[in-house]
Amino acid sequence: MRGMPKRLALTALVLLTVIVPVARGDGVPITTRLARALAVPGNPKSTSAALAVELPTGTVLFARNPDLSLAPASNEKLPVTFAALRELGPAYRFHTELLATGVQEGSVWHGNLYLKGFGDPTLTTAKVAALAEQLAKLGVARVDGRVLGDESWFDTKRTAPGWKASFYISECPPLSALIVNRAVYDKHVATQPALAAAGTLRLQLRKHGISAGPAGLGRAPANASVIAVVRSRTLANVVKEMDTDSDNFEAEMLLKTLGAESGTLGTTASGAAVVIRELAEAQVPLTGVEIADGSGLSLDDRVTARALTTLLVASWNDPAVRSVLYRALPVSGVSGTLDDRMQVAPVRGAVRAKTGTTDESSALAGYVRTTYAFAILQNGSPVQPWPARVAQDRFATVLASESE
């Protein structure tokens with residue numbers, strides 16, 4: 001939470017000074033030290049949970065309210081990442097198609113062009129330009145039909161259930177199966193991303209010497225021909241960016257992709273059902289778990305510390321998932337949303353964990369070296385952010401000192 005008032009920063013500094021004493025063993029059992037680590041004023045036991053387990057067995061080292069159902073904030077991205085890696089695989093790539101109806105006669109294409117999106121959250125103008133270039137290589141100089149954006153792979157809901165109205169655009173751009181540059185078009189965020197994408201394609205066609213009719217929205221008919229295709233980086237790369245930087249937009253797009261690819265529809269609800277299915281197959285306890293969106297912005301999301309740690313152990317014991325998830329998580333004192341936390345020995349570089357922060361929730365869940373998995377969830381109305389973070393960092397520091 002950069003840019004906090006000076007008084008809060010000083011309060012945080014004072015609180016952080018108590019990390020070192022609780023990290024030292026001095027013959028005190030680790031369970032006692034972990035309990036002391038959580039004993040930060042403003043972090044009530046009744047609305048918080050913590051669980052630490054050993055890897056790879058999942059043997060419980062410390063537990064406090066492990067089955068309490070709490071809002072996870074961005075820890076919601078952990079179940080989504082887990083399900084995506086298992087369902088789609090680390091090598092999965094999003095793709096975007098350029099389709100056409102009609103026929104080419106000489107340098108003229110008689111018919112419409114369709115830019116069809118398949119949920120790529122990383123689609124850029126450069127990729128759209130590559131599609132235009134492929135059409136130019138066919139010798140086309142004029143399209144006498146329209147340039148239409150097709151977002152039918154997903155539904156057209158721009159937000160997810162349970163979001164505060166203020167989250168729309170400020171926390172996540174509008175959702176669409178076809179979205180270029182995260183919906184930034186002509187120096188503003190477009191509320192019709194697929195129309196903006198069609199406009200981007202039309203501009204790129206012009207830059208490649210191809211004139212075309214007006215941009216619009218339309219669904220490519222079944223007989224449309226695929227002219228060109230572009231693909232994203234692998235899913236392994238996308239989730240690394242998503243989890244390291246806690247990218248809400250990528251998480252929501254990934255959840256809808258799960259629904260479209262492995263569920264019944266390209267909807268948030270269908271994607272959530274896939275996540276629940278994967279968690280159940282991994283024997284993650286689902287009592288108290290509610291997947292309402294992909295990012296953790298929803299006020300309806302709920303998880304338990306037991307569910308998160310079980311997920312982390314299951315990920316650890318699945319080599320394909322572990323190799324991606326472990327590298328995707330922020331590193332204490334080094335990268336992503338943990339770059340300014342836990343910056344001194346023994347904890348610097350020892351923790352890889354997903355952060356989570358909203359007005360109602362603060363969370364941290366992940367791994368300490370190759371020894372422990374842990375999850376801490378704190379809720380409030382509002383939650384007290386600095387006491388919550390101090391307790392989390394102290395808890396992780398004790399585990400780091402134990403695993404040296």
# chains A, B, ... in the order shown; residues from 1 in each chain; ligands from 1
$ residues_around --residues "segment 145-156 of chain A" --least-positions-apart "3" --cutoff "7 Å" --atoms "only C-alpha atoms" --output "PyMOL selection string"
chain A and resi 110-118+176-178+194-195+197-198+202+212-220+256+260+266-267
$ closest_atom_pairs --of "segment 171-255 of chain A" --to "segment 132-137 of chain A" --cutoff "9 Å" --atoms "only C-alpha atoms" --output "JSON lines"
{"residue": "A:Leu201", "atom": "CA", "partner": "A:Ala132", "partner_atom": "CA", "distance": 7.1}
{"residue": "A:Arg202", "atom": "CA", "partner": "A:Ala132", "partner_atom": "CA", "distance": 8.6}
{"residue": "A:Gln204", "atom": "CA", "partner": "A:Ala132", "partner_atom": "CA", "distance": 6.1}
{"residue": "A:Leu205", "atom": "CA", "partner": "A:Ala132", "partner_atom": "CA", "distance": 5.2}
{"residue": "A:Arg206", "atom": "CA", "partner": "A:Ala132", "partner_atom": "CA", "distance": 8.7}
{"residue": "A:Lys207", "atom": "CA", "partner": "A:Ala132", "partner_atom": "CA", "distance": 8.6}
{"residue": "A:His208", "atom": "CA", "partner": "A:Glu133", "partner_atom": "CA", "distance": 6.4}
{"residue": "A:Gly209", "atom": "CA", "partner": "A:Ala136", "partner_atom": "CA", "distance": 7.5}
{"residue": "A:Ile210", "atom": "CA", "partner": "A:Ala136", "partner_atom": "CA", "distance": 7.1}
{"residue": "A:Ile227", "atom": "CA", "partner": "A:Leu135", "partner_atom": "CA", "distance": 7.1}
{"residue": "A:Ala228", "atom": "CA", "partner": "A:Gln134", "partner_atom": "CA", "distance": 6.4}
{"residue": "A:Val229", "atom": "CA", "partner": "A:Gln134", "partner_atom": "CA", "distance": 8.9}
$ atom_distance --atom1 "atom CA of Ser246 of chain A" --atom2 "atom CA of Gly366 of chain A"
13.8 Å
$ residues_around --residues "Thr309 of chain A" --least-positions-apart "6" --cutoff "9 Å" --atoms "only C-alpha atoms" --output "mmCIF file with N, CA and C atoms, in the first residue's frame"
data_model
loop_
_atom_site.group_PDB
_atom_site.id
_atom_site.type_symbol
_atom_site.label_atom_id
_atom_site.label_comp_id
_atom_site.auth_asym_id
_atom_site.auth_seq_id
_atom_site.Cartn_x
_atom_site.Cartn_y
_atom_site.Cartn_z
ATOM 1 N N LEU A 51 -3.189 -21.072 9.168
ATOM 2 C CA LEU A 51 -2.843 -22.485 9.143
ATOM 3 C C LEU A 51 -1.473 -22.622 8.507
ATOM 4 N N ALA A 52 -0.613 -23.412 9.118
ATOM 5 C CA ALA A 52 0.697 -23.723 8.556
ATOM 6 C C ALA A 52 0.859 -25.235 8.551
ATOM 7 N N VAL A 53 1.323 -25.772 7.419
ATOM 8 C CA VAL A 53 1.479 -27.217 7.282
ATOM 9 C C VAL A 53 2.848 -27.535 6.705
ATOM 10 N N GLY A 58 1.483 -32.227 4.278
ATOM 11 C CA GLY A 58 0.324 -31.486 4.738
ATOM 12 C C GLY A 58 0.081 -31.625 6.227
ATOM 13 N N VAL A 284 -9.755 -30.851 -1.992
ATOM 14 C CA VAL A 284 -9.735 -29.619 -1.199
ATOM 15 C C VAL A 284 -11.088 -29.496 -0.496
ATOM 16 N N ALA A 365 -0.959 -16.124 1.446
ATOM 17 C CA ALA A 365 -0.911 -17.587 1.409
ATOM 18 C C ALA A 365 0.136 -18.024 0.400
ATOM 19 N N GLY A 366 0.927 -19.024 0.785
ATOM 20 C CA GLY A 366 1.949 -19.512 -0.132
ATOM 21 C C GLY A 366 2.911 -20.461 0.547
ATOM 22 N N ALA A 373 3.789 -24.807 3.769
ATOM 23 C CA ALA A 373 2.735 -24.036 3.111
ATOM 24 C C ALA A 373 1.905 -23.389 4.209
ATOM 25 N N PHE A 374 1.386 -22.198 3.942
ATOM 26 C CA PHE A 374 0.629 -21.503 4.985
ATOM 27 C C PHE A 374 -0.425 -20.611 4.360
ATOM 28 N N ALA A 375 -1.409 -20.241 5.165
ATOM 29 C CA ALA A 375 -2.437 -19.289 4.745
ATOM 30 C C ALA A 375 -2.882 -18.486 5.951
#
$ residues_around --residues "segment 339-349 of chain A" --least-positions-apart "2" --cutoff "10 Å" --atoms "only C-alpha atoms" --output "ChimeraX atom specification"
/A:1-2,16,19-20,23,244,330-337,351-352,368-369,389-390,392-394,396-404
$ select_by_dssp --residues "segment 214-249 of chain A" --states "strand (DSSP E)" --output "number ranges by chain"
A: 215-217, 225-234
$ write_last_selection --atoms "C-alpha atoms" --output "JSON list (two decimals), in the first residue's frame"
[["chain", "number", "residue", "atom", "x", "y", "z"],
["A", 215, "ALA", "CA", -16.28, -0.96, -37.96],
["A", 216, "GLY", "CA", -19.07, -2.58, -36.01],
["A", 217, "LEU", "CA", -20.14, -5.59, -33.98],
["A", 225, "SER", "CA", -13.19, -18.69, -43.40],
["A", 226, "VAL", "CA", -10.25, -18.27, -41.04],
["A", 227, "ILE", "CA", -7.76, -15.96, -42.76],
["A", 228, "ALA", "CA", -5.20, -15.50, -40.00],
["A", 229, "VAL", "CA", -4.56, -16.35, -36.35],
["A", 230, "VAL", "CA", -2.39, -14.85, -33.60],
["A", 231, "ARG", "CA", -1.60, -16.47, -30.27],
["A", 232, "SER", "CA", -0.61, -15.28, -26.80],
["A", 233, "ARG", "CA", 2.30, -16.31, -24.65],
["A", 234, "THR", "CA", 1.82, -19.57, -22.78]]
$ closest_atom_pairs --of "segment 30-82 of chain A" --to "segment 383-386 of chain A" --cutoff "10 Å" --atoms "only C-alpha atoms" --output "JSON lines"
{"residue": "A:Val40", "atom": "CA", "partner": "A:Trp386", "partner_atom": "CA", "distance": 9.7}
{"residue": "A:Pro41", "atom": "CA", "partner": "A:Gln384", "partner_atom": "CA", "distance": 9.5}
{"residue": "A:Gly42", "atom": "CA", "partner": "A:Gln384", "partner_atom": "CA", "distance": 6.2}
{"residue": "A:Asn43", "atom": "CA", "partner": "A:Gln384", "partner_atom": "CA", "distance": 7.2}
{"residue": "A:Pro44", "atom": "CA", "partner": "A:Gln384", "partner_atom": "CA", "distance": 9.8}
{"residue": "A:Thr47", "atom": "CA", "partner": "A:Val383", "partner_atom": "CA", "distance": 9.3}
$ closest_residue --among "A:Trp163, A:Trp316, A:Phe94, A:Phe62" --to "Phe395 of chain A" --atoms "only C-alpha atoms"
A:Phe62
$ select_by_dssp --residues "segment 185-267 of chain A" --states "helix (DSSP H, G or I)" --output "PyMOL selection string"
chain A and resi 193-207+235-245+248-262
$ write_last_selection --atoms "N, CA and C atoms" --output "compact mmCIF listing (two decimals), in the first residue's frame"
# COMPACT_ATOMS: atom_id res chain seq x y z
N PRO A 193 -15.65 -3.02 -25.65
CA PRO A 193 -14.29 -3.42 -26.05
C PRO A 193 -14.21 -4.05 -27.44
N ALA A 194 -15.21 -4.85 -27.81
CA ALA A 194 -15.16 -5.52 -29.12
C ALA A 194 -15.31 -4.52 -30.26
N LEU A 195 -16.10 -3.48 -30.06
CA LEU A 195 -16.23 -2.44 -31.07
C LEU A 195 -14.92 -1.67 -31.21
N ALA A 196 -14.29 -1.38 -30.07
CA ALA A 196 -12.98 -0.71 -30.10
C ALA A 196 -11.95 -1.59 -30.79
N ALA A 197 -12.01 -2.90 -30.56
CA ALA A 197 -11.08 -3.82 -31.20
C ALA A 197 -11.26 -3.82 -32.71
N ALA A 198 -12.51 -3.80 -33.15
CA ALA A 198 -12.79 -3.74 -34.59
C ALA A 198 -12.25 -2.44 -35.18
N GLY A 199 -12.39 -1.35 -34.42
CA GLY A 199 -11.84 -0.08 -34.88
C GLY A 199 -10.32 -0.12 -34.98
N THR A 200 -9.69 -0.81 -34.02
CA THR A 200 -8.23 -0.97 -34.06
C THR A 200 -7.81 -1.76 -35.30
N LEU A 201 -8.53 -2.82 -35.61
CA LEU A 201 -8.22 -3.60 -36.81
C LEU A 201 -8.36 -2.75 -38.07
N ARG A 202 -9.42 -1.96 -38.14
CA ARG A 202 -9.64 -1.11 -39.33
C ARG A 202 -8.47 -0.14 -39.52
N LEU A 203 -7.99 0.43 -38.41
CA LEU A 203 -6.85 1.35 -38.49
C LEU A 203 -5.59 0.62 -38.94
N GLN A 204 -5.39 -0.58 -38.47
CA GLN A 204 -4.21 -1.35 -38.85
C GLN A 204 -4.29 -1.81 -40.31
N LEU A 205 -5.49 -2.10 -40.77
CA LEU A 205 -5.66 -2.43 -42.19
C LEU A 205 -5.24 -1.25 -43.06
N ARG A 206 -5.66 -0.07 -42.64
CA ARG A 206 -5.30 1.14 -43.40
C ARG A 206 -3.78 1.33 -43.42
N LYS A 207 -3.13 1.07 -42.28
CA LYS A 207 -1.68 1.22 -42.23
C LYS A 207 -0.96 0.21 -43.11
N LEU A 235 0.20 -20.04 -21.06
CA LEU A 235 -0.52 -19.80 -19.81
C LEU A 235 0.45 -19.67 -18.65
N ALA A 236 1.53 -20.43 -18.67
CA ALA A 236 2.53 -20.33 -17.60
C ALA A 236 3.03 -18.90 -17.46
N ASN A 237 3.26 -18.23 -18.57
CA ASN A 237 3.71 -16.84 -18.54
C ASN A 237 2.60 -15.89 -18.10
N VAL A 238 1.39 -16.16 -18.55
CA VAL A 238 0.27 -15.28 -18.19
C VAL A 238 -0.01 -15.35 -16.70
N VAL A 239 -0.04 -16.56 -16.11
CA VAL A 239 -0.35 -16.64 -14.67
C VAL A 239 0.80 -16.11 -13.83
N LYS A 240 2.01 -16.15 -14.34
CA LYS A 240 3.11 -15.54 -13.60
C LYS A 240 2.89 -14.04 -13.46
N GLU A 241 2.51 -13.40 -14.56
CA GLU A 241 2.21 -11.97 -14.51
C GLU A 241 1.00 -11.71 -13.63
N MET A 242 -0.03 -12.54 -13.77
CA MET A 242 -1.27 -12.36 -13.03
C MET A 242 -1.06 -12.45 -11.53
N ASP A 243 -0.31 -13.45 -11.08
CA ASP A 243 -0.13 -13.65 -9.64
C ASP A 243 0.95 -12.75 -9.05
N THR A 244 2.01 -12.51 -9.80
CA THR A 244 3.08 -11.65 -9.28
C THR A 244 2.56 -10.23 -9.05
N ASP A 245 1.80 -9.73 -10.02
CA ASP A 245 1.30 -8.35 -9.94
C ASP A 245 -0.13 -8.26 -9.43
N ASN A 248 -6.15 -8.20 -11.67
CA ASN A 248 -7.57 -8.55 -11.59
C ASN A 248 -8.15 -8.91 -12.95
N PHE A 249 -7.81 -8.12 -13.96
CA PHE A 249 -8.36 -8.33 -15.30
C PHE A 249 -7.97 -9.70 -15.85
N GLU A 250 -6.71 -10.06 -15.75
CA GLU A 250 -6.28 -11.35 -16.27
C GLU A 250 -6.97 -12.49 -15.53
N ALA A 251 -7.18 -12.33 -14.24
CA ALA A 251 -7.86 -13.38 -13.47
C ALA A 251 -9.30 -13.55 -13.91
N GLU A 252 -10.00 -12.45 -14.14
CA GLU A 252 -11.40 -12.55 -14.58
C GLU A 252 -11.51 -13.15 -15.98
N MET A 253 -10.61 -12.76 -16.86
CA MET A 253 -10.62 -13.32 -18.21
C MET A 253 -10.28 -14.80 -18.19
N LEU A 254 -9.37 -15.20 -17.32
CA LEU A 254 -9.00 -16.60 -17.22
C LEU A 254 -10.17 -17.43 -16.68
N LEU A 255 -10.92 -16.89 -15.73
CA LEU A 255 -12.06 -17.62 -15.19
C LEU A 255 -13.11 -17.86 -16.27
N LYS A 256 -13.40 -16.84 -17.08
CA LYS A 256 -14.37 -17.02 -18.16
C LYS A 256 -13.84 -17.99 -19.22
N THR A 257 -12.54 -17.97 -19.45
CA THR A 257 -11.95 -18.92 -20.38
C THR A 257 -12.14 -20.36 -19.89
N LEU A 258 -11.98 -20.56 -18.60
CA LEU A 258 -12.24 -21.89 -18.04
C LEU A 258 -13.67 -22.32 -18.31
N GLY A 259 -14.60 -21.39 -18.18
CA GLY A 259 -15.99 -21.72 -18.47
C GLY A 259 -16.21 -22.08 -19.92
N ALA A 260 -15.58 -21.32 -20.82
CA ALA A 260 -15.75 -21.56 -22.26
C ALA A 260 -15.06 -22.83 -22.71
N GLU A 261 -13.86 -23.10 -22.18
CA GLU A 261 -13.08 -24.25 -22.64
C GLU A 261 -13.46 -25.55 -21.93
N SER A 262 -13.74 -25.47 -20.65
CA SER A 262 -13.93 -26.70 -19.86
C SER A 262 -15.29 -26.79 -19.19
$ atom_distance --atom1 "atom CA of Pro319 of chain A" --atom2 "atom CA of Arg64 of chain A"
29.1 Å
$ closest_residue --among "A:Ala280, A:Leu55, A:Cys172, A:Leu68" --to "Ala83 of chain A" --atoms "only C-alpha atoms"
A:Ala280
$ decode --residues "segment 84-102 of chain A" --atoms "N, CA and C atoms" --output "CSV table (one decimal), in the first residue's frame"
chain,number,residue,atom,x,y,z
A,84,ALA,N,-6.9,-23.5,-13.7
A,84,ALA,CA,-6.4,-23.3,-15.0
A,84,ALA,C,-5.2,-24.1,-15.5
A,85,LEU,N,-4.3,-24.3,-14.6
A,85,LEU,CA,-3.1,-25.1,-14.9
A,85,LEU,C,-3.5,-26.6,-15.1
A,86,ARG,N,-4.4,-27.0,-14.3
A,86,ARG,CA,-4.9,-28.4,-14.4
A,86,ARG,C,-5.8,-28.7,-15.6
A,87,GLU,N,-6.7,-27.7,-15.8
A,87,GLU,CA,-7.6,-27.9,-16.9
A,87,GLU,C,-7.0,-27.6,-18.3
A,88,LEU,N,-6.3,-26.5,-18.4
A,88,LEU,CA,-5.8,-26.0,-19.7
A,88,LEU,C,-4.4,-26.4,-19.9
A,89,GLY,N,-3.6,-26.5,-18.9
A,89,GLY,CA,-2.2,-26.9,-19.0
A,89,GLY,C,-1.3,-25.7,-19.2
A,90,PRO,N,-0.1,-25.8,-18.7
A,90,PRO,CA,0.9,-24.6,-18.7
A,90,PRO,C,1.2,-24.1,-20.1
A,91,ALA,N,1.0,-25.0,-21.1
A,91,ALA,CA,1.4,-24.6,-22.5
A,91,ALA,C,0.2,-24.0,-23.3
A,92,TYR,N,-0.9,-23.9,-22.7
A,92,TYR,CA,-2.1,-23.3,-23.3
A,92,TYR,C,-1.8,-21.9,-23.8
A,93,ARG,N,-2.3,-21.6,-25.0
A,93,ARG,CA,-2.2,-20.2,-25.5
A,93,ARG,C,-3.6,-19.7,-25.9
A,94,PHE,N,-3.9,-18.5,-25.5
A,94,PHE,CA,-5.1,-17.8,-26.0
A,94,PHE,C,-4.9,-17.5,-27.5
A,95,HIS,N,-6.0,-17.5,-28.3
A,95,HIS,CA,-5.8,-17.1,-29.7
A,95,HIS,C,-6.9,-16.2,-30.1
A,96,THR,N,-6.6,-15.5,-31.2
A,96,THR,CA,-7.5,-14.5,-31.8
A,96,THR,C,-7.6,-14.7,-33.3
A,97,GLU,N,-8.7,-14.8,-33.9
A,97,GLU,CA,-8.9,-15.1,-35.3
A,97,GLU,C,-9.3,-13.9,-36.2
A,98,LEU,N,-8.8,-13.9,-37.4
A,98,LEU,CA,-9.4,-13.0,-38.4
A,98,LEU,C,-10.1,-13.9,-39.4
A,99,LEU,N,-11.4,-13.7,-39.5
A,99,LEU,CA,-12.3,-14.5,-40.4
A,99,LEU,C,-12.9,-13.6,-41.5
A,100,ALA,N,-13.4,-14.2,-42.5
A,100,ALA,CA,-14.0,-13.5,-43.6
A,100,ALA,C,-15.1,-14.3,-44.3
A,101,THR,N,-16.1,-13.6,-44.7
A,101,THR,CA,-17.1,-14.1,-45.6
A,101,THR,C,-16.9,-13.6,-47.0
A,102,GLY,N,-17.4,-14.2,-48.0
A,102,GLY,CA,-17.3,-13.8,-49.4
A,102,GLY,C,-16.1,-14.3,-50.1
